[in-house]
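Structure file coords.cif (mmCIF, N, CA and C atoms) follows.
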data_entry
#
loop_
_atom_site.label_atom_id
_atom_site.label_comp_id
_atom_site.auth_asym_id
_atom_site.auth_seq_id
_atom_site.Cartn_x
_atom_site.Cartn_y
_atom_site.Cartn_z
N MET T 188 201.55 -81.63 110.74
CA MET T 188 201.66 -83.07 110.75
C MET T 188 200.89 -83.69 109.58
N ARG T 189 199.72 -83.12 109.27
CA ARG T 189 198.92 -83.65 108.18
C ARG T 189 199.67 -83.49 106.85
N ARG T 190 200.33 -82.36 106.65
CA ARG T 190 201.06 -82.11 105.41
C ARG T 190 202.22 -83.10 105.26
N ARG T 191 202.91 -83.38 106.36
CA ARG T 191 204.02 -84.32 106.32
C ARG T 191 203.51 -85.72 105.94
N ARG T 192 202.39 -86.13 106.48
CA ARG T 192 201.81 -87.43 106.18
C ARG T 192 201.45 -87.51 104.69
N GLN T 193 200.92 -86.42 104.12
CA GLN T 193 200.58 -86.40 102.70
C GLN T 193 201.85 -86.55 101.84
N LEU T 194 202.92 -85.87 102.22
CA LEU T 194 204.16 -85.97 101.47
C LEU T 194 204.73 -87.37 101.55
N LEU T 195 204.69 -87.98 102.71
CA LEU T 195 205.19 -89.34 102.86
C LEU T 195 204.36 -90.34 102.06
N THR T 196 203.07 -90.06 101.93
CA THR T 196 202.20 -90.92 101.14
C THR T 196 202.47 -90.77 99.65
N LEU T 197 202.77 -89.56 99.20
CA LEU T 197 202.98 -89.30 97.78
C LEU T 197 204.38 -89.69 97.29
N ALA T 198 205.37 -89.72 98.17
CA ALA T 198 206.74 -90.01 97.75
C ALA T 198 206.87 -91.35 97.03
N PRO T 199 206.32 -92.45 97.56
CA PRO T 199 206.43 -93.73 96.83
C PRO T 199 205.73 -93.69 95.47
N LEU T 200 204.64 -92.93 95.36
CA LEU T 200 203.95 -92.84 94.08
C LEU T 200 204.82 -92.16 93.04
N ALA T 201 205.59 -91.16 93.44
CA ALA T 201 206.47 -90.46 92.51
C ALA T 201 207.54 -91.40 91.99
N VAL T 202 208.07 -92.25 92.86
CA VAL T 202 209.09 -93.21 92.44
C VAL T 202 208.49 -94.23 91.47
N VAL T 203 207.32 -94.76 91.80
CA VAL T 203 206.68 -95.76 90.95
C VAL T 203 206.30 -95.16 89.60
N SER T 204 205.80 -93.94 89.58
CA SER T 204 205.35 -93.35 88.33
C SER T 204 206.49 -93.03 87.38
N THR T 205 207.72 -92.89 87.88
CA THR T 205 208.85 -92.61 87.00
C THR T 205 209.70 -93.84 86.74
N ALA T 206 209.37 -94.97 87.34
CA ALA T 206 210.14 -96.19 87.13
C ALA T 206 210.08 -96.61 85.66
N GLY T 207 211.22 -96.92 85.09
CA GLY T 207 211.27 -97.36 83.71
C GLY T 207 211.30 -96.24 82.69
N CYS T 208 211.22 -94.99 83.13
CA CYS T 208 211.20 -93.87 82.21
C CYS T 208 212.60 -93.45 81.78
N VAL T 209 213.60 -93.83 82.53
CA VAL T 209 214.97 -93.46 82.20
C VAL T 209 215.58 -94.61 81.40
N SER T 210 215.93 -94.34 80.17
CA SER T 210 216.56 -95.38 79.36
C SER T 210 217.90 -94.87 78.88
N PRO T 211 218.83 -95.78 78.63
CA PRO T 211 220.14 -95.34 78.17
C PRO T 211 220.02 -94.71 76.80
N SER T 212 220.94 -93.82 76.50
CA SER T 212 220.94 -93.20 75.18
C SER T 212 222.38 -93.00 74.75
N ALA T 213 222.58 -92.93 73.46
CA ALA T 213 223.91 -92.71 72.90
C ALA T 213 223.78 -91.65 71.82
N PRO T 214 224.83 -90.91 71.56
CA PRO T 214 224.78 -89.93 70.48
C PRO T 214 224.41 -90.61 69.16
N GLU T 215 223.77 -89.88 68.29
CA GLU T 215 223.33 -90.43 67.01
C GLU T 215 224.47 -91.01 66.19
N ASP T 216 225.69 -90.48 66.33
CA ASP T 216 226.81 -90.95 65.51
C ASP T 216 227.62 -92.06 66.18
N SER T 217 227.12 -92.65 67.24
CA SER T 217 227.83 -93.74 67.92
C SER T 217 227.80 -95.00 67.08
N VAL T 218 228.95 -95.67 67.00
CA VAL T 218 229.04 -96.93 66.27
C VAL T 218 229.77 -97.95 67.12
N VAL T 219 229.41 -99.21 66.93
CA VAL T 219 230.05 -100.32 67.63
C VAL T 219 230.17 -101.50 66.68
N ALA T 220 231.02 -102.44 67.05
CA ALA T 220 231.10 -103.71 66.33
C ALA T 220 230.27 -104.73 67.10
N ILE T 221 229.75 -105.72 66.39
CA ILE T 221 229.08 -106.84 67.04
C ILE T 221 229.96 -108.06 66.80
N ASP T 222 230.64 -108.49 67.85
CA ASP T 222 231.60 -109.59 67.76
C ASP T 222 230.90 -110.92 67.50
N SER T 223 229.81 -111.15 68.23
CA SER T 223 229.06 -112.40 68.10
C SER T 223 227.69 -112.22 68.72
N LEU T 224 226.84 -113.18 68.52
CA LEU T 224 225.53 -113.24 69.17
C LEU T 224 225.53 -114.48 70.05
N SER T 225 225.06 -114.35 71.27
CA SER T 225 224.96 -115.48 72.18
C SER T 225 223.48 -115.76 72.42
N ILE T 226 223.09 -117.02 72.31
CA ILE T 226 221.70 -117.40 72.47
C ILE T 226 221.62 -118.51 73.50
N GLN T 227 220.73 -118.34 74.49
CA GLN T 227 220.58 -119.32 75.55
C GLN T 227 219.10 -119.66 75.73
N ASN T 228 218.79 -120.95 75.70
CA ASN T 228 217.43 -121.41 75.98
C ASN T 228 217.44 -122.13 77.31
N GLU T 229 216.88 -121.50 78.33
CA GLU T 229 216.82 -122.09 79.67
C GLU T 229 215.55 -122.89 79.90
N ASP T 230 214.66 -122.90 78.90
CA ASP T 230 213.37 -123.56 79.04
C ASP T 230 213.50 -125.06 78.77
N ASP T 231 212.53 -125.83 79.29
CA ASP T 231 212.51 -127.28 79.09
C ASP T 231 212.03 -127.67 77.70
N SER T 232 211.53 -126.71 76.94
CA SER T 232 211.03 -126.97 75.59
C SER T 232 211.94 -126.35 74.55
N PRO T 233 211.99 -126.93 73.35
CA PRO T 233 212.75 -126.29 72.28
C PRO T 233 212.05 -125.01 71.82
N HIS T 234 212.82 -124.06 71.30
CA HIS T 234 212.26 -122.80 70.81
C HIS T 234 212.96 -122.37 69.54
N GLU T 235 212.23 -121.62 68.74
CA GLU T 235 212.79 -121.01 67.54
C GLU T 235 212.99 -119.53 67.83
N LEU T 236 214.17 -119.00 67.51
CA LEU T 236 214.49 -117.60 67.74
C LEU T 236 214.86 -116.96 66.41
N SER T 237 214.15 -115.91 66.04
CA SER T 237 214.47 -115.14 64.83
C SER T 237 215.23 -113.90 65.25
N ILE T 238 216.36 -113.66 64.59
CA ILE T 238 217.22 -112.53 64.92
C ILE T 238 217.39 -111.67 63.67
N GLU T 239 217.33 -110.36 63.89
CA GLU T 239 217.56 -109.41 62.80
C GLU T 239 218.42 -108.27 63.32
N ILE T 240 219.42 -107.90 62.54
CA ILE T 240 220.26 -106.74 62.85
C ILE T 240 220.08 -105.75 61.72
N THR T 241 219.77 -104.52 62.07
CA THR T 241 219.58 -103.47 61.07
C THR T 241 220.53 -102.31 61.34
N GLU T 242 220.83 -101.60 60.26
CA GLU T 242 221.58 -100.35 60.35
C GLU T 242 220.90 -99.38 59.41
N ALA T 243 220.46 -98.24 59.95
CA ALA T 243 219.73 -97.24 59.16
C ALA T 243 218.55 -97.89 58.42
N ASP T 244 217.79 -98.69 59.13
CA ASP T 244 216.60 -99.37 58.60
C ASP T 244 216.89 -100.38 57.50
N GLU T 245 218.14 -100.72 57.28
CA GLU T 245 218.50 -101.74 56.29
C GLU T 245 218.91 -103.01 57.04
N VAL T 246 218.35 -104.15 56.66
CA VAL T 246 218.68 -105.42 57.30
C VAL T 246 220.08 -105.84 56.84
N VAL T 247 220.99 -106.01 57.83
CA VAL T 247 222.36 -106.42 57.53
C VAL T 247 222.64 -107.85 57.99
N PHE T 248 221.74 -108.42 58.80
CA PHE T 248 221.85 -109.81 59.23
C PHE T 248 220.46 -110.30 59.60
N GLN T 249 220.16 -111.54 59.19
CA GLN T 249 218.87 -112.14 59.52
C GLN T 249 219.05 -113.65 59.58
N ASP T 250 218.53 -114.27 60.65
CA ASP T 250 218.64 -115.72 60.78
C ASP T 250 217.58 -116.21 61.75
N THR T 251 217.18 -117.46 61.59
CA THR T 251 216.27 -118.11 62.52
C THR T 251 216.96 -119.38 63.01
N LEU T 252 217.07 -119.51 64.33
CA LEU T 252 217.74 -120.65 64.95
C LEU T 252 216.73 -121.48 65.72
N THR T 253 216.90 -122.79 65.68
CA THR T 253 216.09 -123.68 66.50
C THR T 253 216.97 -124.18 67.63
N LEU T 254 216.53 -123.91 68.85
CA LEU T 254 217.30 -124.29 70.04
C LEU T 254 216.60 -125.42 70.77
N GLY T 255 217.35 -126.45 71.09
CA GLY T 255 216.80 -127.53 71.89
C GLY T 255 216.57 -127.05 73.32
N SER T 256 215.91 -127.87 74.11
CA SER T 256 215.67 -127.49 75.51
C SER T 256 217.00 -127.35 76.24
N LYS T 257 217.06 -126.35 77.10
CA LYS T 257 218.25 -126.09 77.92
C LYS T 257 219.54 -126.15 77.10
N SER T 258 219.58 -125.37 76.03
CA SER T 258 220.75 -125.38 75.15
C SER T 258 221.13 -123.95 74.79
N GLY T 259 222.24 -123.82 74.07
CA GLY T 259 222.69 -122.51 73.65
C GLY T 259 223.41 -122.60 72.32
N ASP T 260 223.67 -121.44 71.75
CA ASP T 260 224.35 -121.37 70.47
C ASP T 260 225.04 -120.02 70.37
N THR T 261 225.99 -119.93 69.46
CA THR T 261 226.71 -118.68 69.22
C THR T 261 226.79 -118.45 67.72
N VAL T 262 226.58 -117.22 67.30
CA VAL T 262 226.76 -116.83 65.91
C VAL T 262 227.95 -115.88 65.89
N GLU T 263 229.03 -116.30 65.27
CA GLU T 263 230.25 -115.49 65.19
C GLU T 263 230.16 -114.48 64.05
N ASN T 264 230.65 -113.29 64.28
CA ASN T 264 230.76 -112.25 63.25
C ASN T 264 229.49 -112.08 62.41
N PRO T 265 228.36 -111.74 63.02
CA PRO T 265 227.13 -111.61 62.24
C PRO T 265 227.16 -110.42 61.27
N VAL T 266 227.99 -109.41 61.55
CA VAL T 266 228.11 -108.25 60.67
C VAL T 266 229.59 -107.89 60.51
N ASP T 267 229.90 -107.20 59.43
CA ASP T 267 231.27 -106.75 59.18
C ASP T 267 231.43 -105.30 59.62
N GLY T 268 232.48 -105.01 60.36
CA GLY T 268 232.80 -103.64 60.72
C GLY T 268 231.89 -103.05 61.78
N THR T 269 232.04 -101.75 61.98
CA THR T 269 231.26 -101.04 62.99
C THR T 269 230.05 -100.38 62.34
N GLY T 270 229.07 -100.09 63.16
CA GLY T 270 227.86 -99.42 62.68
C GLY T 270 226.96 -99.06 63.83
N ASP T 271 225.90 -98.37 63.52
CA ASP T 271 224.88 -98.02 64.51
C ASP T 271 223.78 -99.08 64.39
N TYR T 272 224.04 -100.24 64.98
CA TYR T 272 223.19 -101.40 64.80
C TYR T 272 222.04 -101.47 65.80
N THR T 273 220.90 -101.93 65.31
CA THR T 273 219.75 -102.26 66.17
C THR T 273 219.54 -103.76 66.06
N VAL T 274 219.44 -104.41 67.22
CA VAL T 274 219.32 -105.86 67.29
C VAL T 274 217.90 -106.20 67.74
N THR T 275 217.24 -107.10 66.99
CA THR T 275 215.87 -107.51 67.30
C THR T 275 215.81 -109.03 67.37
N GLY T 276 215.08 -109.54 68.35
CA GLY T 276 214.86 -110.97 68.48
C GLY T 276 213.39 -111.26 68.72
N THR T 277 212.91 -112.37 68.16
CA THR T 277 211.52 -112.78 68.35
C THR T 277 211.49 -114.27 68.66
N ALA T 278 210.83 -114.64 69.76
CA ALA T 278 210.69 -116.05 70.14
C ALA T 278 209.54 -116.19 71.12
N ALA T 279 208.86 -117.31 71.03
CA ALA T 279 207.80 -117.67 71.99
C ALA T 279 206.78 -116.54 72.17
N GLY T 280 206.49 -115.82 71.10
CA GLY T 280 205.50 -114.74 71.18
C GLY T 280 206.03 -113.44 71.75
N ASP T 281 207.29 -113.39 72.14
CA ASP T 281 207.91 -112.17 72.67
C ASP T 281 208.84 -111.57 71.63
N ALA T 282 209.01 -110.26 71.69
CA ALA T 282 209.98 -109.57 70.83
C ALA T 282 210.78 -108.60 71.70
N VAL T 283 212.07 -108.53 71.43
CA VAL T 283 212.95 -107.59 72.12
C VAL T 283 213.74 -106.83 71.06
N ARG T 284 214.08 -105.58 71.37
CA ARG T 284 214.81 -104.76 70.41
C ARG T 284 215.66 -103.76 71.17
N GLU T 285 216.92 -103.66 70.79
CA GLU T 285 217.84 -102.72 71.44
C GLU T 285 218.81 -102.14 70.42
N ARG T 286 219.17 -100.89 70.61
CA ARG T 286 220.22 -100.25 69.83
C ARG T 286 221.53 -100.55 70.56
N ALA T 287 222.45 -101.27 69.92
CA ALA T 287 223.66 -101.76 70.58
C ALA T 287 224.55 -100.64 71.11
N ALA T 288 224.70 -99.54 70.38
CA ALA T 288 225.60 -98.46 70.78
C ALA T 288 225.17 -97.78 72.08
N VAL T 289 223.92 -97.90 72.43
CA VAL T 289 223.40 -97.24 73.64
C VAL T 289 224.12 -97.73 74.88
N TYR T 290 224.56 -98.97 74.88
CA TYR T 290 225.14 -99.57 76.07
C TYR T 290 226.65 -99.43 76.17
N ALA T 291 227.29 -98.98 75.11
CA ALA T 291 228.75 -98.86 75.10
C ALA T 291 229.20 -97.55 75.74
N GLU T 292 230.18 -97.65 76.62
CA GLU T 292 230.82 -96.46 77.20
C GLU T 292 231.77 -95.87 76.16
N VAL T 293 232.36 -94.73 76.47
CA VAL T 293 233.22 -94.03 75.53
C VAL T 293 234.35 -94.91 75.00
N ASP T 294 234.99 -95.70 75.85
CA ASP T 294 236.13 -96.51 75.42
C ASP T 294 235.75 -97.93 74.98
N GLU T 295 234.46 -98.22 74.90
CA GLU T 295 234.01 -99.55 74.51
C GLU T 295 233.48 -99.52 73.08
N GLU T 296 234.05 -100.38 72.24
CA GLU T 296 233.63 -100.39 70.84
C GLU T 296 233.12 -101.74 70.37
N CYS T 297 233.12 -102.73 71.25
CA CYS T 297 232.71 -104.07 70.88
C CYS T 297 231.50 -104.50 71.71
N THR T 298 230.53 -105.15 71.06
CA THR T 298 229.33 -105.61 71.78
C THR T 298 229.06 -107.07 71.47
N ILE T 299 228.41 -107.72 72.42
CA ILE T 299 227.90 -109.08 72.21
C ILE T 299 226.46 -109.10 72.73
N PRO T 300 225.49 -109.08 71.83
CA PRO T 300 224.10 -109.22 72.27
C PRO T 300 223.86 -110.64 72.78
N VAL T 301 223.21 -110.76 73.92
CA VAL T 301 222.92 -112.07 74.52
C VAL T 301 221.41 -112.21 74.63
N PHE T 302 220.87 -113.17 73.87
CA PHE T 302 219.44 -113.49 73.94
C PHE T 302 219.27 -114.64 74.91
N ARG T 303 218.22 -114.52 75.75
CA ARG T 303 217.95 -115.59 76.73
C ARG T 303 216.46 -115.85 76.77
N ILE T 304 216.10 -117.11 76.57
CA ILE T 304 214.70 -117.54 76.72
C ILE T 304 214.61 -118.18 78.09
N SER T 305 213.81 -117.60 78.98
CA SER T 305 213.73 -118.07 80.37
C SER T 305 212.86 -119.32 80.48
N THR T 306 212.86 -119.91 81.66
CA THR T 306 212.04 -121.10 81.91
C THR T 306 210.56 -120.78 81.77
N GLY T 307 210.18 -119.53 81.88
CA GLY T 307 208.79 -119.13 81.69
C GLY T 307 208.50 -118.71 80.26
N GLU T 308 209.39 -119.07 79.32
CA GLU T 308 209.26 -118.76 77.90
C GLU T 308 209.28 -117.27 77.61
N GLU T 309 209.92 -116.50 78.47
CA GLU T 309 210.05 -115.07 78.27
C GLU T 309 211.39 -114.79 77.60
N LEU T 310 211.42 -113.85 76.66
CA LEU T 310 212.64 -113.54 75.92
C LEU T 310 213.29 -112.28 76.48
N PHE T 311 214.60 -112.36 76.70
CA PHE T 311 215.37 -111.23 77.21
C PHE T 311 216.53 -110.95 76.27
N LEU T 312 216.98 -109.69 76.24
CA LEU T 312 218.15 -109.30 75.45
C LEU T 312 219.03 -108.41 76.32
N GLU T 313 220.27 -108.81 76.45
CA GLU T 313 221.27 -108.03 77.19
C GLU T 313 222.40 -107.71 76.22
N ILE T 314 222.84 -106.46 76.19
CA ILE T 314 223.97 -106.07 75.34
C ILE T 314 225.19 -105.95 76.23
N ARG T 315 226.15 -106.84 76.04
CA ARG T 315 227.42 -106.78 76.79
C ARG T 315 228.42 -105.99 75.96
N THR T 316 229.21 -105.17 76.64
CA THR T 316 230.14 -104.30 75.93
C THR T 316 231.58 -104.53 76.40
N TYR T 317 232.53 -104.34 75.47
CA TYR T 317 233.94 -104.58 75.73
C TYR T 317 234.76 -103.49 75.05
N THR T 318 235.99 -103.32 75.50
CA THR T 318 236.85 -102.30 74.91
C THR T 318 237.32 -102.68 73.52
N SER T 319 237.50 -103.98 73.25
CA SER T 319 237.89 -104.41 71.90
C SER T 319 237.38 -105.82 71.65
N CYS T 320 237.24 -106.15 70.38
CA CYS T 320 236.73 -107.48 70.00
C CYS T 320 237.86 -108.48 69.91
#
What does the file become when written as structure tokens?
Amino acid sequence: MRRRRQLLTLAPLAVVSTAGCVSPSAPEDSVVAIDSLSIQNEDDSPHELSIEITEADEVVFQDTLTLGSKSGDTVENPVDGTGDYTVTGTAAGDAVRERAAVYAEVDEECTIPVFRISTGEELFLEIRTYTSC
């Protein structure tokens, strides 16, 4: 009985200690298109968002947008063609960075990175994927 109690006590610790350790991955040669960038400011204050897209450590797109409170914007066709793009955003002291191809399934070749500044001034990045642009 004592051994069973120890196992039951340790099981939640094993789950907590591995939480967040599994991240998506894509083969090194995966490429996707970036159809557009979507930016949403859910906060009551205006914010400035700096966006950078790189491919093989080369900057292929860079822009800084000023968003009014509770507003949004879209940047159409930030890059030409497909590539192994990494998308980075910086706002309100937060930075997010994701490799776009990681989120695409085998038949998905189009992505739309969505930046969101929350009401708590926290920055989030979600990569949405589609079969075609």
Target residues per the PyMOL selection byres (((chain T and resi 258 and name CA) around 12) and name CA), formatted as an MDAnalysis selection string: chainID T and resid 225:235 252:257 259:261 303:306
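Proximity of T:Glu308, T:Asp222, T:Glu242, T:Glu285 to Gly270 in chain T, computed with only N, CA and C atoms, is greatest for T:Glu242.
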Long-range neighbours of Pro265 in chain T as a list in words, 8 Å cut-off, all atoms listed in the file, 5 positions minimum in chain: Ile221, Asp222, Ser223, Leu224, Ile240, Val247, Phe248 and Gln249 of chain T
d(CA of Asp244 in chain T, atom N of Thr318 in chain T) in Å: 26.0 Å
Result set, the PyMOL selection byres ((chain T and resi 316) around 7) on current file, as an mmCIF file with N, CA and C atoms, in the frame of the given file:
data_model
loop_
_atom_site.group_PDB
_atom_site.id
_atom_site.type_symbol
_atom_site.label_atom_id
_atom_site.label_comp_id
_atom_site.auth_asym_id
_atom_site.auth_seq_id
_atom_site.Cartn_x
_atom_site.Cartn_y
_atom_site.Cartn_z
ATOM 1 N N TYR T 290 224.560 -98.970 74.880
ATOM 2 C CA TYR T 290 225.140 -99.570 76.070
ATOM 3 C C TYR T 290 226.650 -99.430 76.170
ATOM 4 N N ALA T 291 227.290 -98.980 75.110
ATOM 5 C CA ALA T 291 228.750 -98.860 75.100
ATOM 6 C C ALA T 291 229.200 -97.550 75.740
ATOM 7 N N GLU T 292 230.180 -97.650 76.620
ATOM 8 C CA GLU T 292 230.820 -96.460 77.200
ATOM 9 C C GLU T 292 231.770 -95.870 76.160
ATOM 10 N N GLU T 295 234.460 -98.220 74.900
ATOM 11 C CA GLU T 295 234.010 -99.550 74.510
ATOM 12 C C GLU T 295 233.480 -99.520 73.080
ATOM 13 N N GLU T 296 234.050 -100.380 72.240
ATOM 14 C CA GLU T 296 233.630 -100.390 70.840
ATOM 15 C C GLU T 296 233.120 -101.740 70.370
ATOM 16 N N CYS T 297 233.120 -102.730 71.250
ATOM 17 C CA CYS T 297 232.710 -104.070 70.880
ATOM 18 C C CYS T 297 231.500 -104.500 71.710
ATOM 19 N N THR T 298 230.530 -105.150 71.060
ATOM 20 C CA THR T 298 229.330 -105.610 71.780
ATOM 21 C C THR T 298 229.060 -107.070 71.470
ATOM 22 N N ILE T 299 228.410 -107.720 72.420
ATOM 23 C CA ILE T 299 227.900 -109.080 72.210
ATOM 24 C C ILE T 299 226.460 -109.100 72.730
ATOM 25 N N ILE T 314 222.840 -106.460 76.190
ATOM 26 C CA ILE T 314 223.970 -106.070 75.340
ATOM 27 C C ILE T 314 225.190 -105.950 76.230
ATOM 28 N N ARG T 315 226.150 -106.840 76.040
ATOM 29 C CA ARG T 315 227.420 -106.780 76.790
ATOM 30 C C ARG T 315 228.420 -105.990 75.960
ATOM 31 N N TYR T 317 232.530 -104.340 75.470
ATOM 32 C CA TYR T 317 233.940 -104.580 75.730
ATOM 33 C C TYR T 317 234.760 -103.490 75.050
ATOM 34 N N THR T 318 235.990 -103.320 75.500
ATOM 35 C CA THR T 318 236.850 -102.300 74.910
ATOM 36 C C THR T 318 237.320 -102.680 73.520
ATOM 37 N N SER T 319 237.500 -103.980 73.250
ATOM 38 C CA SER T 319 237.890 -104.410 71.900
ATOM 39 C C SER T 319 237.380 -105.820 71.650
#
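The space separating atom C of Thr277 in chain T from atom N of Glu263 in chain T comes to 18.0 Å.
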Sel. of strand (DSSP E) residues, range 202-315 of chain T, as a ChimeraX atom specification: /T:219-221,223-228,234-242,245-254,258-263,269-270,272-278,281-286,297-304,310-315
Serialized range 217-233 of chain T w/ C-alpha atoms as a CSV table (one decimal), in the first residue's frame:
chain,number,residue,atom,x,y,z
T,217,SER,CA,10.0,22.1,-45.2
T,218,VAL,CA,8.8,25.2,-47.0
T,219,VAL,CA,5.6,27.2,-46.8
T,220,ALA,CA,4.2,30.4,-48.2
T,221,ILE,CA,3.1,33.3,-45.9
T,222,ASP,CA,-0.1,34.6,-47.4
T,223,SER,CA,-0.5,37.5,-45.0
T,224,LEU,CA,0.1,38.7,-41.4
T,225,SER,CA,-2.8,39.3,-39.1
T,226,ILE,CA,-2.3,41.6,-36.1
T,227,GLN,CA,-4.9,42.1,-33.3
T,228,ASN,CA,-4.6,44.5,-30.4
T,229,GLU,CA,-7.2,43.6,-27.7
T,230,ASP,CA,-5.7,46.0,-25.2
T,231,ASP,CA,-7.3,49.3,-24.2
T,232,SER,CA,-4.0,51.1,-25.0
T,233,PRO,CA,-2.3,51.6,-28.4
